[in-house]
file final_15.pdb (PDB, C-alpha atoms)
ATOM      1  CA  MET A  17      -9.898 -49.497 -29.441
ATOM      2  CA  ILE A  18      -7.171 -48.935 -32.036
ATOM      3  CA  ILE A  19      -9.602 -46.872 -34.081
ATOM      4  CA  ALA A  20     -10.561 -44.795 -31.020
ATOM      5  CA  LEU A  21      -6.881 -44.179 -30.125
ATOM      6  CA  GLY A  22      -6.097 -43.234 -33.720
ATOM      7  CA  THR A  23      -8.995 -40.789 -33.778
ATOM      8  CA  THR A  24      -7.746 -39.160 -30.544
ATOM      9  CA  VAL A  25      -4.191 -38.801 -31.888
ATOM     10  CA  VAL A  26      -5.443 -37.264 -35.129
ATOM     11  CA  SER A  27      -7.737 -34.852 -33.330
ATOM     12  CA  THR A  28      -5.023 -33.611 -30.902
ATOM     13  CA  ALA A  29      -2.279 -33.214 -33.543
ATOM     14  CA  GLN A  30      -2.086 -29.814 -35.197
ATOM     15  CA  THR A  31      -3.188 -30.039 -38.786
ATOM     16  CA  PRO A  32      -1.041 -27.908 -41.115
ATOM     17  CA  VAL A  33      -2.861 -24.927 -42.477
ATOM     18  CA  GLN A  34      -2.562 -23.636 -45.998
ATOM     19  CA  ASN A  35       0.823 -22.192 -46.938
ATOM     20  CA  GLN A  36       2.358 -23.200 -43.565
ATOM     21  CA  ASN A  37       6.073 -23.935 -43.593
ATOM     22  CA  PRO A  38       6.504 -27.727 -43.386
ATOM     23  CA  ASN A  39       9.419 -27.258 -40.929
ATOM     24  CA  TYR A  40       7.374 -25.271 -38.429
ATOM     25  CA  ARG A  41       7.776 -27.983 -35.781
ATOM     26  CA  GLN A  42      11.520 -27.233 -35.423
ATOM     27  CA  SER A  43      10.793 -23.692 -34.380
ATOM     28  CA  LYS A  44       7.810 -24.680 -32.253
ATOM     29  CA  GLU A  45       9.849 -27.201 -30.256
ATOM     30  CA  LEU A  46      12.710 -24.745 -29.801
ATOM     31  CA  TYR A  47      10.480 -21.965 -28.463
ATOM     32  CA  GLN A  48       8.356 -24.250 -26.319
ATOM     33  CA  ARG A  49      11.530 -25.128 -24.397
ATOM     34  CA  ILE A  50      12.455 -21.492 -23.688
ATOM     35  CA  ALA A  51       8.987 -19.914 -23.522
ATOM     36  CA  ASP A  52       8.723 -19.867 -19.719
ATOM     37  CA  SER A  53      11.934 -17.912 -19.172
ATOM     38  CA  ILE A  54      11.129 -15.393 -21.905
ATOM     39  CA  ASN A  55       7.493 -14.929 -20.910
ATOM     40  CA  ALA A  56       8.373 -14.293 -17.264
ATOM     41  CA  GLU A  57       9.483 -10.801 -18.326
ATOM     42  CA  GLN A  58       6.166  -9.849 -19.900
ATOM     43  CA  GLY A  59       4.772  -6.619 -18.531
ATOM     44  CA  THR A  60       8.100  -5.593 -17.022
ATOM     45  CA  THR A  61      10.701  -2.990 -17.952
ATOM     46  CA  SER A  62      14.126  -4.258 -18.880
ATOM     47  CA  GLN A  63      16.658  -1.689 -17.670
ATOM     48  CA  ARG A  64      19.468  -1.302 -20.177
ATOM     49  CA  THR A  65      20.468   2.211 -19.236
ATOM     50  CA  TYR A  66      23.649   3.941 -20.309
ATOM     51  CA  LYS A  67      25.776   6.631 -18.666
ATOM     52  CA  ALA A  68      25.255   9.962 -20.369
ATOM     53  CA  ILE A  69      27.977  12.575 -20.684
ATOM     54  CA  ASP A  70      26.794  15.195 -18.235
ATOM     55  CA  TYR A  71      29.186  17.862 -16.972
ATOM     56  CA  LEU A  72      27.485  18.577 -13.663
ATOM     57  CA  ALA A  73      26.684  14.947 -12.894
ATOM     58  CA  ASP A  74      30.294  13.947 -13.607
ATOM     59  CA  LYS A  75      31.540  16.773 -11.390
ATOM     60  CA  ALA A  76      29.283  15.697  -8.526
ATOM     61  CA  GLU A  77      30.406  12.103  -8.957
ATOM     62  CA  ALA A  78      34.087  13.090  -8.862
ATOM     63  CA  ARG A  79      33.424  15.113  -5.695
ATOM     64  CA  GLU A  80      31.730  12.137  -4.087
ATOM     65  CA  GLN A  81      34.645   9.894  -5.038
ATOM     66  CA  ARG A  82      37.165  12.313  -3.499
ATOM     67  CA  ARG A  83      35.066  12.401  -0.320
ATOM     68  CA  ALA A  84      34.998   8.595  -0.192
ATOM     69  CA  ASP A  85      38.774   8.449  -0.760
ATOM     70  CA  ARG A  86      39.407  10.913   2.059
ATOM     71  CA  HIS A  87      37.154   8.897   4.358
ATOM     72  CA  GLU A  88      38.992   5.710   3.465
ATOM     73  CA  LEU A  89      42.314   7.421   4.138
ATOM     74  CA  ARG A  90      41.122   8.596   7.541
ATOM     75  CA  MET A  91      39.923   5.104   8.408
ATOM     76  CA  GLN A  92      43.259   3.598   7.392
ATOM     77  CA  ARG A  93      45.156   6.147   9.459
ATOM     78  CA  ALA A  94      42.937   5.455  12.452
ATOM     79  CA  ARG A  95      43.643   1.765  12.072
ATOM     80  CA  TRP A  96      47.330   1.704  11.247
ATOM     81  CA  GLY A  97      48.566   5.029  12.482
ATOM     82  CA  TYR A  98      49.971   7.907  10.506
ATOM     83  CA  SER A  99      53.236   7.358   8.682
ATOM     84  CA  ASN A 100      55.132   9.660   6.375
ATOM     85  CA  TRP A 101      56.691   6.694   4.711
ATOM     86  CA  ASN A 102      53.571   5.179   3.174
ATOM     87  CA  VAL A 103      50.958   7.876   3.879
ATOM     88  CA  GLY A 104      49.060   5.534   6.147
ATOM     89  CA  TRP A 105      47.670   3.242   3.520
ATOM     90  CA  TYR A 106      49.535   0.124   4.656
ATOM     91  CA  PRO A 107      51.021  -1.001   8.014
ATOM     92  CA  SER A 108      54.158   0.852   8.909
ATOM     93  CA  PHE A 109      55.394  -2.052  10.966
ATOM     94  CA  GLY A 110      55.651  -5.840  10.637
ATOM     95  CA  LEU A 111      55.172  -7.775   7.460
ATOM     96  CA  GLY A 112      51.875  -6.162   6.544
ATOM     97  CA  TYR A 113      50.088  -6.085   3.244
ATOM     98  CA  GLY A 114      52.072  -3.113   2.068
ATOM     99  CA  TRP A 115      55.358  -5.012   2.283
ATOM    100  CA  GLN A 116      54.195  -7.673  -0.089
ATOM    101  CA  ARG A 117      53.323  -5.231  -2.800
ATOM    102  CA  PRO A 118      55.851  -3.980  -5.343
ATOM    103  CA  TYR A 119      57.293  -0.536  -4.623
ATOM    104  CA  TYR A 120      55.416   1.065  -7.518
ATOM    105  CA  TYR A 121      52.089   0.242  -5.892
ATOM    106  CA  ARG A 122      52.960   2.182  -2.748
ATOM    107  CA  ARG A 123      51.840   5.739  -2.363
ATOM    108  CA  PHE A 124      54.848   7.871  -1.371
TER     109      PHE A 124
ATOM    110  CA  MET B  16      24.085  32.181  35.648
ATOM    111  CA  ASN B  17      20.925  33.981  36.637
ATOM    112  CA  ILE B  18      17.306  33.107  35.841
ATOM    113  CA  LYS B  19      17.199  35.505  32.893
ATOM    114  CA  SER B  20      20.113  33.759  31.198
ATOM    115  CA  TYR B  21      18.461  30.359  31.728
ATOM    116  CA  ALA B  22      15.216  31.678  30.182
ATOM    117  CA  ILE B  23      17.043  33.029  27.123
ATOM    118  CA  ALA B  24      18.932  29.751  26.665
ATOM    119  CA  LEU B  25      15.717  27.726  27.024
ATOM    120  CA  THR B  26      13.872  29.911  24.515
ATOM    121  CA  ALA B  27      16.746  29.596  22.059
ATOM    122  CA  LEU B  28      16.784  25.819  22.496
ATOM    123  CA  ILE B  29      13.034  25.493  21.924
ATOM    124  CA  THR B  30      13.181  27.752  18.857
ATOM    125  CA  LEU B  31      16.066  25.746  17.436
ATOM    126  CA  THR B  32      14.445  22.359  17.966
ATOM    127  CA  THR B  33      11.079  23.394  16.559
ATOM    128  CA  THR B  34      12.413  25.151  13.459
ATOM    129  CA  ALA B  35      15.360  22.884  12.590
ATOM    130  CA  CYS B  36      13.214  19.796  11.995
ATOM    131  CA  SER B  37      10.353  21.474  10.175
ATOM    132  CA  ARG B  38       9.521  19.383   7.118
ATOM    133  CA  LYS B  39       6.464  20.374   5.189
ATOM    134  CA  VAL B  40       4.582  17.872   3.075
ATOM    135  CA  THR B  41       1.534  18.806   1.033
ATOM    136  CA  ARG B  42      -0.617  16.674  -1.222
ATOM    137  CA  ILE B  43      -0.646  17.865  -4.831
ATOM    138  CA  ASP B  44      -2.751  17.022  -7.844
ATOM    139  CA  PRO B  45      -1.041  14.212  -9.840
ATOM    140  CA  GLY B  46      -1.873  16.200 -12.984
ATOM    141  CA  GLU B  47       0.064  19.232 -11.795
ATOM    142  CA  GLN B  48       3.366  19.866 -13.541
ATOM    143  CA  ILE B  49       6.265  20.265 -11.128
ATOM    144  CA  ASP B  50       9.780  19.885 -12.523
ATOM    145  CA  LEU B  51      12.540  19.754  -9.935
ATOM    146  CA  SER B  52      15.628  18.061 -11.340
ATOM    147  CA  GLY B  53      14.838  17.858 -15.042
ATOM    148  CA  ARG B  54      14.865  14.069 -14.901
ATOM    149  CA  TRP B  55      11.987  11.807 -16.002
ATOM    150  CA  ASN B  56       9.017  12.450 -13.749
ATOM    151  CA  ASN B  57       5.287  11.886 -13.320
ATOM    152  CA  THR B  58       4.407  14.577 -15.871
ATOM    153  CA  ASP B  59       6.447  12.813 -18.563
ATOM    154  CA  SER B  60       4.812   9.513 -17.725
ATOM    155  CA  ARG B  61       1.349  11.075 -17.850
ATOM    156  CA  LEU B  62       2.020  12.802 -21.183
ATOM    157  CA  ALA B  63       3.320   9.542 -22.659
ATOM    158  CA  ALA B  64       0.270   7.639 -21.434
ATOM    159  CA  GLU B  65      -2.174  10.234 -22.784
ATOM    160  CA  GLN B  66      -0.636  10.412 -26.233
ATOM    161  CA  LEU B  67      -0.067   6.679 -26.667
ATOM    162  CA  THR B  68      -3.541   5.806 -25.421
ATOM    163  CA  GLY B  69      -5.043   8.300 -27.858
ATOM    164  CA  GLN B  70      -3.033   6.809 -30.717
ATOM    165  CA  ILE B  71      -3.614   3.123 -30.023
ATOM    166  CA  LEU B  72      -7.371   3.435 -29.615
ATOM    167  CA  THR B  73      -8.007   5.547 -32.677
ATOM    168  CA  GLU B  74      -5.732   4.195 -35.366
ATOM    169  CA  ARG B  75      -6.509   1.876 -38.240
ATOM    170  CA  TRP B  76      -5.344  -1.484 -36.846
ATOM    171  CA  LEU B  77      -8.403  -1.671 -34.600
ATOM    172  CA  GLU B  78     -10.834  -1.099 -37.443
ATOM    173  CA  ASP B  79      -8.979  -3.573 -39.673
ATOM    174  CA  HIS B  80      -9.096  -6.260 -37.012
ATOM    175  CA  ASN B  81     -12.783  -5.756 -36.284
ATOM    176  CA  LYS B  82     -13.566  -5.916 -39.973
ATOM    177  CA  GLU B  83     -11.540  -9.077 -40.557
ATOM    178  CA  LYS B  84     -12.295 -11.073 -37.416
ATOM    179  CA  LYS B  85     -15.682  -9.629 -36.458
ATOM    180  CA  GLU B  86     -14.627  -9.409 -32.829
ATOM    181  CA  ARG B  87     -12.528  -7.281 -30.497
ATOM    182  CA  PRO B  88      -8.763  -7.869 -30.631
ATOM    183  CA  THR B  89      -7.004  -9.464 -27.659
ATOM    184  CA  VAL B  90      -3.736  -7.898 -26.565
ATOM    185  CA  ILE B  91      -0.992  -9.042 -24.212
ATOM    186  CA  VAL B  92       1.602  -6.615 -22.873
ATOM    187  CA  GLY B  93       5.160  -7.769 -23.487
ATOM    188  CA  MET B  94       8.430  -6.311 -22.326
ATOM    189  CA  ILE B  95       9.398  -2.644 -22.517
ATOM    190  CA  THR B  96      13.115  -1.982 -22.812
ATOM    191  CA  ASN B  97      14.507   1.112 -21.178
ATOM    192  CA  LYS B  98      17.562   2.146 -23.187
ATOM    193  CA  SER B  99      17.663   5.671 -21.817
ATOM    194  CA  HIS B 100      20.207   7.136 -19.374
ATOM    195  CA  GLU B 101      17.759   7.072 -16.435
ATOM    196  CA  HIS B 102      15.934   4.433 -14.498
ATOM    197  CA  ILE B 103      12.380   4.522 -15.864
ATOM    198  CA  ASP B 104       9.628   2.106 -14.987
ATOM    199  CA  ALA B 105       7.401   1.859 -18.055
ATOM    200  CA  GLU B 106       4.595   0.356 -16.016
ATOM    201  CA  THR B 107       3.589   3.861 -14.946
ATOM    202  CA  PHE B 108       2.299   4.542 -18.451
ATOM    203  CA  THR B 109       1.613   1.046 -19.808
ATOM    204  CA  LYS B 110      -0.868   0.522 -16.960
ATOM    205  CA  ASP B 111      -2.751   3.621 -18.101
ATOM    206  CA  ILE B 112      -2.939   2.189 -21.609
ATOM    207  CA  GLU B 113      -4.142  -1.173 -20.274
ATOM    208  CA  GLN B 114      -6.730   0.626 -18.193
ATOM    209  CA  SER B 115      -8.020   2.419 -21.265
ATOM    210  CA  PHE B 116      -8.426  -0.955 -23.046
ATOM    211  CA  VAL B 117     -10.539  -2.315 -20.236
ATOM    212  CA  ARG B 118     -12.530   0.879 -19.652
ATOM    213  CA  THR B 119     -13.441   1.476 -23.262
ATOM    214  CA  SER B 120     -14.072  -2.237 -23.964
ATOM    215  CA  THR B 121     -12.577  -1.837 -27.425
ATOM    216  CA  VAL B 122      -9.694  -4.207 -26.807
ATOM    217  CA  ARG B 123      -9.560  -7.391 -24.741
ATOM    218  CA  LEU B 124      -6.572  -7.672 -22.444
ATOM    219  CA  VAL B 125      -4.977 -10.891 -21.218
ATOM    220  CA  GLN B 126      -2.575 -11.314 -18.347
ATOM    221  CA  GLY B 127       1.068 -12.161 -18.961
ATOM    222  CA  GLY B 128       4.334 -12.726 -17.103
ATOM    223  CA  GLU B 129       4.469 -13.392 -13.375
ATOM    224  CA  LYS B 130       0.829 -12.500 -12.823
ATOM    225  CA  ARG B 131      -0.287 -15.097 -15.353
ATOM    226  CA  ALA B 132       1.941 -17.651 -13.639
ATOM    227  CA  ALA B 133       0.221 -16.784 -10.349
ATOM    228  CA  ILE B 134      -3.207 -17.253 -11.969
ATOM    229  CA  ARG B 135      -2.175 -20.640 -13.314
ATOM    230  CA  ALA B 136      -0.798 -21.646  -9.925
ATOM    231  CA  GLU B 137      -4.106 -20.745  -8.300
ATOM    232  CA  ARG B 138      -5.971 -22.726 -10.967
ATOM    233  CA  ALA B 139      -3.690 -25.678 -10.283
ATOM    234  CA  ASP B 140      -4.465 -25.355  -6.586
ATOM    235  CA  GLN B 141      -8.182 -25.436  -7.366
ATOM    236  CA  GLN B 142      -7.793 -28.819  -9.041
ATOM    237  CA  THR B 143      -7.212 -30.396  -5.643
ATOM    238  CA  ASN B 144      -8.881 -27.971  -3.228
ATOM    239  CA  ALA B 145     -11.926 -26.380  -4.859
ATOM    240  CA  SER B 146     -15.320 -28.007  -5.262
ATOM    241  CA  THR B 147     -15.924 -29.542  -8.674
ATOM    242  CA  THR B 148     -18.626 -27.013  -9.483
ATOM    243  CA  THR B 149     -16.366 -24.001  -8.862
ATOM    244  CA  MET B 150     -13.066 -25.461 -10.091
ATOM    245  CA  LYS B 151     -11.699 -23.705 -13.180
ATOM    246  CA  GLN B 152     -10.394 -25.721 -16.093
ATOM    247  CA  PHE B 153      -6.993 -25.594 -17.750
ATOM    248  CA  GLY B 154      -6.672 -25.031 -21.465
ATOM    249  CA  LEU B 155      -9.440 -22.461 -21.782
ATOM    250  CA  GLU B 156      -7.395 -19.272 -21.660
ATOM    251  CA  ARG B 157      -7.988 -16.666 -24.332
ATOM    252  CA  GLY B 158      -5.070 -16.495 -26.745
ATOM    253  CA  ALA B 159      -3.796 -13.027 -27.558
ATOM    254  CA  ASP B 160      -3.932 -11.720 -31.117
ATOM    255  CA  TYR B 161      -1.320  -9.028 -30.600
ATOM    256  CA  MET B 162       1.594  -8.280 -28.298
ATOM    257  CA  LEU B 163       2.415  -4.765 -27.154
ATOM    258  CA  GLN B 164       6.150  -4.139 -26.850
ATOM    259  CA  GLY B 165       8.260  -1.046 -26.725
ATOM    260  CA  ASN B 166      11.362   0.815 -25.820
ATOM    261  CA  ILE B 167      12.438   4.091 -24.266
ATOM    262  CA  SER B 168      15.468   5.873 -25.680
ATOM    263  CA  SER B 169      17.155   9.138 -24.784
ATOM    264  CA  ILE B 170      19.718  11.604 -26.053
ATOM    265  CA  VAL B 171      21.550  13.948 -23.682
ATOM    266  CA  ASP B 172      23.382  17.016 -24.888
ATOM    267  CA  SER B 173      25.072  18.959 -22.116
ATOM    268  CA  GLN B 174      27.444  21.867 -21.986
ATOM    269  CA  LYS B 175      28.563  23.192 -18.605
ATOM    270  CA  ARG B 176      25.356  24.112 -16.780
ATOM    271  CA  GLN B 177      22.980  23.673 -19.698
ATOM    272  CA  LYS B 178      21.421  20.446 -20.836
ATOM    273  CA  VAL B 179      18.926  19.266 -23.406
ATOM    274  CA  VAL B 180      17.400  15.867 -22.743
ATOM    275  CA  TYR B 181      15.328  14.128 -25.371
ATOM    276  CA  TYR B 182      13.227  11.061 -24.655
ATOM    277  CA  GLN B 183      11.504   8.928 -27.240
ATOM    278  CA  ILE B 184       8.999   6.285 -26.215
ATOM    279  CA  ASN B 185       8.013   3.806 -28.902
ATOM    280  CA  LEU B 186       5.313   1.194 -28.551
ATOM    281  CA  GLU B 187       4.602  -1.449 -31.150
ATOM    282  CA  LEU B 188       1.762  -3.869 -31.633
ATOM    283  CA  THR B 189       2.679  -7.083 -33.415
ATOM    284  CA  ASN B 190       0.364  -9.741 -34.786
ATOM    285  CA  LEU B 191       1.290 -12.937 -32.922
ATOM    286  CA  GLU B 192       0.583 -15.244 -35.823
ATOM    287  CA  THR B 193       1.948 -13.332 -38.780
ATOM    288  CA  ASN B 194       4.648 -11.307 -36.961
ATOM    289  CA  GLU B 195       3.344  -8.220 -38.738
ATOM    290  CA  ILE B 196       3.654  -4.907 -36.906
ATOM    291  CA  VAL B 197       0.207  -3.388 -37.147
ATOM    292  CA  TRP B 198       0.723  -0.248 -35.102
ATOM    293  CA  ILE B 199       3.634   1.923 -33.928
ATOM    294  CA  GLY B 200       3.031   4.769 -31.542
ATOM    295  CA  ASP B 201       5.484   7.241 -30.166
ATOM    296  CA  LYS B 202       5.844  10.070 -27.724
ATOM    297  CA  LYS B 203       8.732  12.506 -27.921
ATOM    298  CA  ILE B 204       9.666  14.705 -24.998
ATOM    299  CA  ALA B 205      12.445  17.283 -25.068
ATOM    300  CA  LYS B 206      13.577  19.271 -22.030
ATOM    301  CA  TYR B 207      15.940  22.164 -21.653
ATOM    302  CA  VAL B 208      17.538  22.216 -18.226
ATOM    303  CA  LYS B 209      19.615  25.134 -16.985
ATOM    304  CA  ASN B 210      21.331  24.777 -13.606
TER     305      ASN B 210
END

call {"tool": "encode", "arguments": {"input": "final_15.pdb", "output": "structure tokens"}}
result
Amino acid sequence: MIIALGTTVVSTAQTPVQNQNPNYRQSKELYQRIADSINAEQGTTSQRTYKAIDYLADKAEAREQRRADRHELRMQRARWGYSNWNVGWYPSFGLGYGWQRPYYYRRF
Amino acid sequence: MNIKSYAIALTALITLTTTACSRKVTRIDPGEQIDLSGRWNNTDSRLAAEQLTGQILTERWLEDHNKEKKERPTVIVGMITNKSHEHIDAETFTKDIEQSFVRTSTVRLVQGGEKRAAIRAERADQQTNASTTTMKQFGLERGADYMLQGNISSIVDSQKRQKVVYYQINLELTNLETNEIVWIGDKKIAKYVKN
């Protein structure tokens, strides 16, 4: 039985091949632990895009931002009412959010 | 308002509703070159696939492998990294390359990633649900000899309404045992866009 078990262990263990680094097991054990997470991305495209300097694209983006800002301003005015004092960004009455902010944050 | 006015208004309404929503869609040949925005499109993907397929199937690594191992090489497709300024899915051209491997039978292809996990899950399911004669065994998968990896890079040079966009697609084939890169293929695409 002991001989049979020993034969099985020897046959399943990887026998070092010629010129193989004797410390190969360290690397093997390390990568066997992380293989699943790395291999899950096989056959896929990792998107690591960057933002290019593009005059027209930047211009369009700035226009879109201004449009979004104007929309936000309109929504705030509809909610809180128009006020000359704080241009409608924060409540013009009560202890609203605008009162808790330092004066330099307010838009006059 | 008399009847004539009603008729004119009705005609105008019908004309407006039928012409305002007229969208026209026509099927085109996927090989036809149509550039609309100047961004990466199907023509670029097709050109990349054609050139890279031509390179990978005709270059020396294949001959060297066949000579050394006396059998077809087995390849697994790894990850492609898109480092360009646009969202590009490399699968549109890597699938064409994979297809050429299978069609020409010069290279064996093995499944990787999520699809391989799905295959293994199905095999695991067979261990308890399939008949013993049809059940597939674990531990008999074909190990790949090489991994195909790559990256897409770009350079954008723009001035006011003019732009030059340069894409470079690099694919590499690395020996899984020795870590040696046995093949590097590339496709370079440059576009001049004037708005």

call {"tool": "closest_residue", "arguments": {"input": "final_15.pdb", "among": "B:Gln183, B:Thr96, B:Thr107, B:Thr119", "to": "chain A", "atoms": "all atoms listed in the file"}}
result
B:Thr96

call {"tool": "residues_around", "arguments": {"input": "final_15.pdb", "residues": "Glu101 (chain B)", "least_positions_apart": "4", "cutoff": "10 Å", "atoms": "all atoms listed in the file", "output": "PDB file with C-alpha atoms, in the frame of the given file"}}
result
ATOM      1  CA  GLN A  63      16.658  -1.689 -17.670  1.00  0.00           C
ATOM      2  CA  ARG A  64      19.468  -1.302 -20.177  1.00  0.00           C
ATOM      3  CA  THR A  65      20.468   2.211 -19.236  1.00  0.00           C
ATOM      4  CA  TYR A  66      23.649   3.941 -20.309  1.00  0.00           C
ATOM      5  CA  LYS A  67      25.776   6.631 -18.666  1.00  0.00           C
ATOM      6  CA  ALA A  68      25.255   9.962 -20.369  1.00  0.00           C
TER       7      ALA A  68
ATOM      8  CA  ARG B  54      14.865  14.069 -14.901  1.00  0.00           C
ATOM      9  CA  TRP B  55      11.987  11.807 -16.002  1.00  0.00           C
ATOM     10  CA  ASN B  97      14.507   1.112 -21.178  1.00  0.00           C
ATOM     11  CA  ILE B 167      12.438   4.091 -24.266  1.00  0.00           C
ATOM     12  CA  SER B 168      15.468   5.873 -25.680  1.00  0.00           C
ATOM     13  CA  SER B 169      17.155   9.138 -24.784  1.00  0.00           C
TER      14      SER B 169
END

call {"tool": "residues_near_point", "arguments": {"input": "final_15.pdb", "point": "(4.4, 10.0, -28.9)", "cutoff": "7 Å", "atoms": "all atoms listed in the file", "output": "list of chain:residue names"}}
result
B:Ala63, B:Gln66, B:Leu67, B:Ile184, B:Gly200, B:Asp201, B:Lys202, B:Lys203

call {"tool": "closest_atom_pairs", "arguments": {"input": "final_15.pdb", "of": "chain B", "to": "chain A", "cutoff": "9 Å", "atoms": "all atoms listed in the file", "output": "tab-separated table"}}
result
residue	atom	partner	partner_atom	distance
B:Ile91	CA	A:Gln58	CA	8.4
B:Val92	CA	A:Gly59	CA	5.4
B:Gly93	CA	A:Gln58	CA	4.3
B:Met94	CA	A:Gln58	CA	4.9
B:Ile95	CA	A:Thr61	CA	4.8
B:Thr96	CA	A:Ser62	CA	4.7
B:Asn97	CA	A:Gln63	CA	5.0
B:Lys98	CA	A:Thr65	CA	4.9
B:Ser99	CA	A:Thr65	CA	5.1
B:His100	CA	A:Tyr66	CA	4.8
B:Glu101	CA	A:Thr65	CA	6.2
B:His102	CA	A:Thr65	CA	6.9
B:Ile103	CA	A:Gln63	CA	7.8
B:Asp104	CA	A:Thr61	CA	6.0
B:Ala105	CA	A:Thr61	CA	5.9
B:Glu106	CA	A:Thr60	CA	7.0
B:Thr109	CA	A:Gly59	CA	8.4
B:Gln126	CA	A:Gly59	CA	8.7
B:Gly127	CA	A:Gln58	CA	5.7
B:Gly128	CA	A:Ala56	CA	4.3
B:Glu129	CA	A:Ala56	CA	5.6
B:Lys130	CA	A:Ala56	CA	8.9
B:Arg131	CA	A:Ala56	CA	8.9
B:Ala132	CA	A:Ala56	CA	8.1
B:Gln164	CA	A:Gly59	CA	8.8
B:Asn166	CA	A:Thr61	CA	8.8
B:Ser168	CA	A:Thr65	CA	8.9
B:Ile170	CA	A:Ala68	CA	8.1
B:Val171	CA	A:Ala68	CA	6.4
B:Asp172	CA	A:Ile69	CA	7.6
B:Ser173	CA	A:Asp70	CA	5.7
B:Gln174	CA	A:Tyr71	CA	6.6
B:Lys175	CA	A:Tyr71	CA	5.6
B:Arg176	CA	A:Leu72	CA	6.7
B:Gln177	CA	A:Tyr71	CA	8.9
B:Lys178	CA	A:Asp70	CA	8.0
B:Asn210	CA	A:Leu72	CA	8.7

call {"tool": "atom_distance", "arguments": {"input": "final_15.pdb", "atom1": "CA of Arg61 (chain B)", "atom2": "CA of Lys206 (chain B)"}}
result
15.3 Å

call {"tool": "resolve_selection", "arguments": {"input": "final_15.pdb", "expression": "the PyMOL selection byres ((chain B and resi 71) around 12)", "output": "PyMOL selection string"}}
result
chain B and resi 63-70+72-78+90+109+111-113+115-116+121-122+163+185-188+197-202

call {"tool": "atom_distance", "arguments": {"input": "final_15.pdb", "atom1": "CA of Lys209 (chain B)", "atom2": "CA of Leu62 (chain B)"}}
result
21.9 Å
